[in-house]
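Shown next: run23.txt, containing compact mmCIF, C-alpha atoms and all ligand atoms.
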# COMPACT_ATOMS: atom_id res chain seq x y z
CA MET A 1 -27.36 -51.09 41.42
CA ASP A 2 -26.76 -50.64 37.71
CA ARG A 3 -29.44 -50.54 35.06
CA ARG A 4 -29.11 -54.18 34.21
CA GLN A 5 -29.52 -55.13 37.85
CA ALA A 6 -32.47 -52.78 38.09
CA LEU A 7 -34.06 -54.52 35.13
CA THR A 8 -33.37 -57.86 36.73
CA GLY A 9 -35.12 -56.49 39.76
CA LEU A 10 -38.12 -55.63 37.64
CA THR A 11 -38.13 -59.09 36.16
CA ALA A 12 -38.01 -60.39 39.66
CA LEU A 13 -41.03 -58.35 40.55
CA THR A 14 -42.83 -59.80 37.56
CA ALA A 15 -41.90 -63.25 38.75
CA LEU A 16 -43.09 -62.25 42.16
CA ALA A 17 -46.44 -61.23 40.79
CA LEU A 18 -46.72 -64.62 39.17
CA ALA A 19 -45.73 -66.54 42.11
CA GLY A 20 -46.55 -66.08 45.71
CA CYS A 21 -49.14 -67.10 48.14
CA ALA A 22 -52.74 -67.79 47.30
CA THR A 23 -54.21 -64.46 46.35
CA ILE A 24 -51.46 -63.74 43.88
CA ASP A 25 -51.48 -67.24 42.48
CA SER A 26 -55.12 -66.84 41.69
CA GLN A 27 -54.15 -64.09 39.30
CA ASN A 28 -51.43 -65.91 37.45
CA GLY A 29 -53.61 -67.44 34.81
CA LEU A 30 -52.95 -71.00 35.81
CA ALA A 31 -56.09 -73.02 35.74
CA PRO A 32 -56.56 -74.70 39.07
CA ALA A 33 -55.54 -78.24 38.51
CA PRO A 34 -57.47 -81.19 39.75
CA GLY A 35 -56.01 -82.62 42.91
CA PRO A 36 -52.73 -84.44 42.91
CA ARG A 37 -52.81 -87.73 41.13
CA GLY A 38 -53.61 -90.63 43.34
CA SER A 39 -50.44 -91.94 44.76
CA THR A 40 -49.74 -95.57 44.41
CA THR A 41 -48.70 -96.83 47.73
CA PRO A 42 -46.69 -99.99 47.38
CA SER A 43 -48.75 -102.72 48.93
CA ALA A 44 -46.94 -104.77 51.44
CA SER A 45 -46.90 -108.45 50.65
CA PRO A 46 -48.87 -110.39 53.18
CA SER A 47 -46.65 -111.92 55.74
CA GLY A 48 -46.80 -113.28 59.20
CA ALA A 49 -49.73 -115.57 58.46
CA ALA A 50 -49.50 -118.91 60.15
CA ASN A 51 -48.26 -121.57 57.78
CA PRO A 52 -50.31 -124.70 58.29
CA THR A 53 -48.00 -126.91 56.24
CA ASP A 54 -44.51 -128.09 56.96
CA THR A 55 -43.02 -126.19 54.07
CA PRO A 56 -40.41 -123.77 55.27
CA ALA A 57 -41.39 -120.15 55.26
CA PRO A 58 -40.04 -118.32 52.26
CA PRO A 59 -37.02 -116.19 52.97
CA ALA A 60 -37.93 -112.66 53.86
CA THR A 61 -37.69 -110.36 50.88
CA PRO A 62 -35.14 -107.74 51.71
CA ALA A 63 -36.68 -104.29 51.64
CA PRO A 64 -35.02 -102.02 49.10
CA THR A 65 -32.75 -99.65 50.93
CA PRO A 66 -32.79 -96.15 49.56
CA THR A 67 -29.29 -94.82 49.18
CA PRO A 68 -29.69 -91.09 48.89
CA THR A 69 -26.58 -89.07 48.37
CA VAL A 70 -26.46 -86.60 51.19
CA GLN A 71 -25.39 -83.22 50.00
CA PRO A 72 -22.46 -81.97 52.06
CA ALA A 73 -22.67 -78.62 53.80
CA PRO A 74 -21.40 -75.90 51.51
CA HIS A 75 -18.23 -74.16 52.61
CA LEU A 76 -18.93 -70.63 51.59
CA LYS A 77 -17.26 -67.39 52.48
CA LYS A 78 -20.18 -65.49 53.93
CA ILE A 79 -20.85 -62.11 52.47
CA ALA A 80 -22.53 -58.95 53.71
CA ARG A 81 -26.20 -58.81 52.92
CA PRO A 82 -27.14 -56.12 50.40
CA PRO A 83 -29.57 -53.58 51.87
CA GLY A 84 -33.26 -53.71 51.11
CA ALA A 85 -35.50 -56.48 49.85
CA LEU A 86 -33.82 -59.44 48.21
CA SER A 87 -35.25 -61.58 45.43
CA GLY A 88 -32.03 -63.31 44.48
CA LEU A 89 -28.57 -64.11 45.80
CA PRO A 90 -25.79 -61.71 44.79
CA GLY A 91 -22.77 -62.85 42.82
CA LYS A 92 -22.10 -65.44 40.14
CA GLY A 93 -22.24 -68.67 42.11
CA LYS A 94 -24.37 -71.74 41.49
CA LEU A 95 -26.40 -71.49 44.64
CA LEU A 96 -30.12 -72.04 45.00
CA ALA A 97 -32.07 -70.73 47.98
CA TRP A 98 -35.09 -73.03 48.19
CA THR A 99 -37.56 -71.39 50.53
CA VAL A 100 -40.76 -72.96 51.80
CA ASP A 101 -43.64 -70.99 53.27
CA ASP A 102 -46.80 -71.25 55.34
CA GLY A 103 -47.20 -74.86 56.61
CA VAL A 104 -50.89 -75.54 56.13
CA SER A 105 -50.21 -79.29 56.05
CA SER A 106 -48.46 -81.06 58.88
CA ASP A 107 -47.82 -84.04 56.57
CA VAL A 108 -46.12 -81.86 53.99
CA VAL A 109 -43.92 -80.22 56.65
CA ALA A 110 -43.02 -83.72 57.88
CA ALA A 111 -42.15 -84.79 54.32
CA TYR A 112 -39.93 -81.74 53.83
CA ALA A 113 -38.12 -82.48 57.09
CA LYS A 114 -37.55 -86.11 56.04
CA PHE A 115 -36.38 -85.02 52.61
CA ALA A 116 -33.94 -82.47 54.06
CA ALA A 117 -32.57 -85.04 56.52
CA GLU A 118 -32.13 -87.79 53.93
CA THR A 119 -30.65 -85.72 51.15
CA GLY A 120 -28.90 -82.84 52.88
CA THR A 121 -30.98 -80.38 50.89
CA ARG A 122 -30.81 -77.03 52.64
CA ILE A 123 -34.04 -75.15 53.09
CA THR A 124 -35.16 -71.86 54.58
CA PHE A 125 -38.66 -72.17 55.98
CA PHE A 126 -40.94 -69.18 56.44
CA PRO A 127 -43.62 -70.61 58.73
CA ASN A 128 -46.90 -69.14 59.81
CA CYS A 129 -47.11 -70.52 63.32
CA MET A 130 -50.88 -70.25 63.30
CA TYR A 131 -50.51 -73.70 61.78
CA SER A 132 -49.66 -76.39 64.29
CA SER A 133 -47.57 -78.24 61.71
CA TRP A 134 -44.34 -76.60 62.88
CA VAL A 135 -44.76 -77.53 66.51
CA ASN A 136 -46.10 -80.96 65.49
CA ASN A 137 -42.88 -81.64 63.58
CA ALA A 138 -40.51 -80.06 66.09
CA LYS A 139 -38.80 -83.37 66.87
CA ALA A 140 -37.85 -83.95 63.25
CA LEU A 141 -36.96 -80.34 62.53
CA ARG A 142 -34.90 -79.53 65.63
CA PRO A 143 -31.75 -81.47 64.66
CA LEU A 144 -31.90 -79.97 61.18
CA VAL A 145 -32.11 -76.49 62.64
CA GLU A 146 -29.19 -77.26 64.93
CA SER A 147 -27.04 -78.60 62.08
CA GLY A 148 -27.91 -75.64 59.88
CA HIS A 149 -29.66 -77.67 57.16
CA VAL A 150 -32.81 -75.80 57.97
CA GLN A 151 -33.29 -72.16 58.85
CA PHE A 152 -36.38 -70.27 59.89
CA GLY A 153 -37.35 -66.81 58.73
CA ASN A 154 -40.50 -64.98 59.82
CA HIS A 155 -43.61 -65.08 57.63
CA THR A 156 -45.93 -63.56 60.30
CA PHE A 157 -48.20 -65.54 62.59
CA SER A 158 -51.42 -65.45 60.60
CA HIS A 159 -50.43 -64.42 57.06
CA PRO A 160 -52.01 -60.95 56.78
CA ASN A 161 -51.22 -58.33 54.16
CA LEU A 162 -48.85 -56.27 56.30
CA THR A 163 -49.45 -53.09 54.31
CA LYS A 164 -53.03 -53.08 55.61
CA LEU A 165 -52.08 -53.37 59.30
CA SER A 166 -51.27 -50.64 61.79
CA ASP A 167 -47.67 -50.30 62.92
CA ALA A 168 -48.59 -52.12 66.12
CA GLY A 169 -50.31 -54.84 64.10
CA ILE A 170 -47.17 -55.45 62.05
CA VAL A 171 -45.06 -55.72 65.19
CA LYS A 172 -47.53 -58.09 66.81
CA GLU A 173 -47.68 -60.42 63.79
CA LEU A 174 -43.89 -60.70 63.59
CA GLN A 175 -43.29 -61.02 67.31
CA LYS A 176 -46.05 -63.55 67.92
CA ASN A 177 -44.64 -65.78 65.18
CA ALA A 178 -41.07 -65.35 66.41
CA ALA A 179 -42.12 -66.31 69.94
CA VAL A 180 -43.37 -69.71 68.75
CA LEU A 181 -40.16 -70.32 66.78
CA LYS A 182 -38.01 -69.27 69.74
CA ASN A 183 -39.95 -71.41 72.20
CA THR A 184 -40.03 -74.44 69.94
CA PHE A 185 -36.63 -74.35 68.27
CA GLY A 186 -34.58 -71.89 70.31
CA VAL A 187 -33.84 -69.72 67.31
CA ASP A 188 -34.57 -66.14 66.37
CA PRO A 189 -35.80 -65.76 62.80
CA ALA A 190 -34.65 -62.10 62.63
CA PRO A 191 -33.46 -60.33 60.55
CA TYR A 192 -35.20 -62.36 57.84
CA TYR A 193 -38.87 -62.05 57.07
CA ARG A 194 -41.09 -62.69 54.11
CA PRO A 195 -44.10 -60.41 53.83
CA PRO A 196 -47.19 -62.49 52.99
CA TYR A 197 -48.09 -62.25 49.29
CA GLY A 198 -44.91 -60.24 48.80
CA TYR A 199 -46.82 -57.11 49.83
CA LEU A 200 -44.25 -54.69 51.13
CA ASP A 201 -44.00 -50.93 51.35
CA LYS A 202 -41.71 -48.39 52.99
CA ARG A 203 -43.75 -48.20 56.17
CA VAL A 204 -43.77 -51.97 56.64
CA GLN A 205 -40.01 -52.03 56.10
CA GLN A 206 -39.45 -49.22 58.62
CA VAL A 207 -41.66 -50.79 61.27
CA ALA A 208 -40.12 -54.24 60.76
CA SER A 209 -36.60 -52.78 60.87
CA GLY A 210 -37.47 -51.16 64.18
CA ILE A 211 -37.76 -54.59 65.79
CA GLY A 212 -34.77 -56.15 64.03
CA TYR A 213 -36.31 -57.37 60.79
CA THR A 214 -34.02 -55.64 58.35
CA ALA A 215 -34.07 -58.29 55.61
CA PRO A 216 -37.29 -58.74 53.65
CA ILE A 217 -36.85 -61.82 51.47
CA LEU A 218 -38.87 -61.93 48.28
CA TRP A 219 -38.26 -64.38 45.47
CA TYR A 220 -37.33 -64.80 41.84
CA GLY A 221 -39.38 -67.78 40.78
CA SER A 222 -42.00 -69.99 42.34
CA LEU A 223 -43.21 -73.54 42.32
CA SER A 224 -46.63 -71.83 42.47
CA ASP A 225 -47.82 -74.53 44.81
CA SER A 226 -49.79 -72.42 47.23
CA SER A 227 -52.57 -73.54 44.89
CA VAL A 228 -53.19 -77.21 44.20
CA LEU A 229 -51.10 -78.20 41.18
CA THR A 230 -50.33 -81.49 39.51
CA THR A 231 -46.93 -83.03 40.10
CA GLY A 232 -46.13 -82.35 36.44
CA GLN A 233 -46.85 -78.65 36.85
CA ILE A 234 -44.60 -78.47 39.90
CA VAL A 235 -41.74 -80.13 38.05
CA GLY A 236 -42.34 -77.69 35.19
CA PHE A 237 -42.01 -74.71 37.52
CA ALA A 238 -38.89 -76.20 39.08
CA LYS A 239 -37.33 -76.55 35.62
CA LYS A 240 -38.22 -72.95 34.94
CA TRP A 241 -37.01 -71.44 38.20
CA PHE A 242 -34.39 -73.65 39.86
CA LEU A 243 -31.57 -71.54 38.49
CA ALA A 244 -28.26 -70.24 39.83
CA GLN A 245 -28.51 -67.54 42.50
CA HIS A 246 -32.31 -67.61 42.57
CA ILE A 247 -34.44 -67.47 45.67
CA VAL A 248 -37.37 -69.75 44.85
CA ILE A 249 -40.57 -69.93 46.84
CA ALA A 250 -42.52 -73.10 47.54
CA HIS A 251 -45.22 -73.99 50.05
CA ALA A 252 -45.74 -76.68 52.66
CA ASN A 253 -49.45 -76.68 51.95
CA HIS A 254 -50.39 -79.42 49.49
CA PRO A 255 -48.92 -82.90 49.08
CA ALA A 256 -48.11 -82.88 45.35
CA VAL A 257 -44.63 -81.42 45.86
CA THR A 258 -43.69 -84.25 48.20
CA LYS A 259 -44.30 -86.79 45.42
CA VAL A 260 -41.69 -85.18 43.18
CA PHE A 261 -38.83 -84.50 45.60
CA PRO A 262 -36.52 -86.91 43.74
CA ARG A 263 -37.28 -85.20 40.44
CA LEU A 264 -36.64 -81.77 41.94
CA LEU A 265 -33.36 -83.03 43.34
CA ASP A 266 -32.42 -84.36 39.88
CA ILE A 267 -32.94 -80.89 38.41
CA ILE A 268 -30.72 -79.39 41.11
CA ARG A 269 -27.98 -81.98 40.59
CA THR A 270 -28.11 -81.94 36.79
CA ARG A 271 -27.67 -78.18 36.85
CA GLY A 272 -24.80 -78.35 39.32
CA LEU A 273 -26.64 -76.22 41.85
CA THR A 274 -25.99 -76.21 45.59
CA THR A 275 -28.89 -75.55 47.92
CA VAL A 276 -28.24 -73.00 50.63
CA THR A 277 -30.02 -71.35 53.49
CA LEU A 278 -29.77 -67.60 53.89
CA ASN A 279 -27.47 -68.11 56.87
CA ASP A 280 -25.12 -70.12 54.62
CA VAL A 281 -24.71 -67.10 52.37
CA PHE A 282 -24.93 -63.98 54.49
CA ILE A 283 -23.17 -62.65 57.53
CA ARG A 284 -25.97 -62.31 59.98
ZN ZN B 1 -47.32 -67.34 52.49
Have the structure of the file written as structure tokens, please.
Amino acid sequence: MDRRQALTGLTALTALALAGCATIDSQNGLAPAPGPRGSTTPSASPSGAANPTDTPAPPATPAPTPTPTVQPAPHLKKIARPPGALSGLPGKGKLLAWTVDDGVSSDVVAAYAKFAAETGTRITFFPNCMYSSWVNNAKALRPLVESGHVQFGNHTFSHPNLTKLSDAGIVKELQKNAAVLKNTFGVDPAPYYRPPYGYLDKRVQQVASGIGYTAPILWYGSLSDSSVLTTGQIVGFAKKWFLAQHIVIAHANHPAVTKVFPRLLDIIRTRGLTTVTLNDVFIR
């Protein structure tokens, strides 16, 4: 790693400090926003009522058919994973690793699965399987996992600060989470893991490596949505951080992000970025 890369690494750590799960977000100076704006659900026109007159029923209004452009699978020459923690993707490509953590909300997980299926957007999820949202949405997620649109890494079962746990505690958190993912989706999240809050030290890395977790995945930019943000704030963070070769962290916790999926996709398309999972990029 040269000096410039080292500096980039430092910048990444700064971004990390501004970004991750709740406790860090609370320090980032962002005022907690009021809840997401009330969504306007299109009201269905009344239909099906008996027509007492002889006038013919009006022709059914055709429902607008969304025509999303499904992003094709990228054909990449996989590369060896650099050692140590990663906060970005190596090289000069135009790839974006959109990663989504936690899974507090089953509805948000469902919306992400629908979004990935409809648009071909490739996502790496880092679930905490203490939340039932992953098992609840297994039916929708399974085909995406099988096709490679979606990948799972390990974010621990119950989201502890791993640096505060015993060696055995670290192992238990990773293995308990992996067991749910294996049982539900038939996949092993190793070697990828994301330490909750980005808290990582040498001991955690050694213990995790001992059970096959050799790839701690941090991030270089965040939608900062482990806290409740407005849709406008989320789009603002996407504009700031959806950049080439970045690993960006988001959360399946609050619904605001699901209201702006089309706008996030526009940013990705306008910038000529291709979404990738970690498995798309690295030789496992
Ligand atoms: Zn988290």
Subject >> Option closest in space to Leu200 of chain A, from A:Leu89, A:Ala117, A:Val171, A:Leu218 [counting only C-alpha atoms] >> reply: A:Leu218
**OP:** Show me which residues sit within 8 Å of ligand ZN 1 (chain B) when counting all atoms listed in the file, and put them as number ranges by chain.
**Re:** A: 20-22, 101-102, 126-128, 155, 159, 194-197, 226, 251
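Taking all atoms listed in the file into account, the residues near (-25.9, -71.8, 46.6), no farther than 10 Å, are Pro74, Leu76, Leu89, Lys92, Gly93, Lys94, Leu95, Leu96, Ala97, Trp98, Arg122, Leu243, Ala244, Gln245, His246, Ile247, Gly272, Leu273, Thr274, Thr275, Val276, Thr277, Leu278, Asp280 and Val281 of chain A.
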Original post:
Any idea what the distance is between atom CA of Gly153 of chain A and atom CA of Tyr192 of chain A?
Top reply: 5.0 Å
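For the residues A:Trp219, A:Ile267, A:Leu174, A:Thr258, ranking by smallest atom-to-atom distance to Lys239 of chain A using only C-alpha atoms places A:Ile267 first.
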**OP:** Just give me the gap between atom CA of Asp225 of chain A and atom CA of Pro255 of chain A in Å, one decimal is fine.
**Re:**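 So the two atoms, atom CA of Asp225 of chain A and atom CA of Pro255 of chain A, lie 9.5 Å apart.
Across the structure, atom CA of Pro90 of chain A and atom CA of Ser209 of chain A are spaced 21.3 Å apart.
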**OP:** For Lys182 of chain A, list every protein, DNA or RNA residue within 12 Å, evaluated using all atoms listed in the file, and leave out those in the same chain fewer than 6 positions away; present the list as JSON, numbers by chain.
**Re:** {"A": [129, 134, 135, 138, 142, 145, 152, 153, 154, 175, 176, 188, 189, 190]}
**OP:** Could you pull out every residue with an atom within 12 Å of (-38.7, -82.9, 46.5), file coordinates, counting all atoms listed in the file, and send them as a VMD selection string?
**Re:** chain A and resid 98 100 108 to 109 111 to 123 223 231 234 to 235 238 250 to 252 255 to 268
Original post:
Which of these, A:Thr163, A:Ile217, A:Ala178, A:Phe185, has the shortest distance to Leu141 of chain A once you count all atoms listed in the file?
Top reply: A:Phe185
**OP:** Go through A:Tyr213, A:Tyr193, A:Tyr199, A:Trp241 and flag the residue nearest Thr124 of chain A, using all atoms listed in the file for the distances.
**Re:**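 Going through A:Tyr213, A:Tyr193, A:Tyr199, A:Trp241 one by one, the smallest distance to Thr124 of chain A is for A:Tyr193.
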**OP:** Compile the contact shell of Asn253 of chain A as a VMD selection string: residues with an atom at most 6 Å away, counting only C-alpha atoms, same-chain residues fewer than 3 positions apart removed.
**Re:** chain A and resid 103 to 105
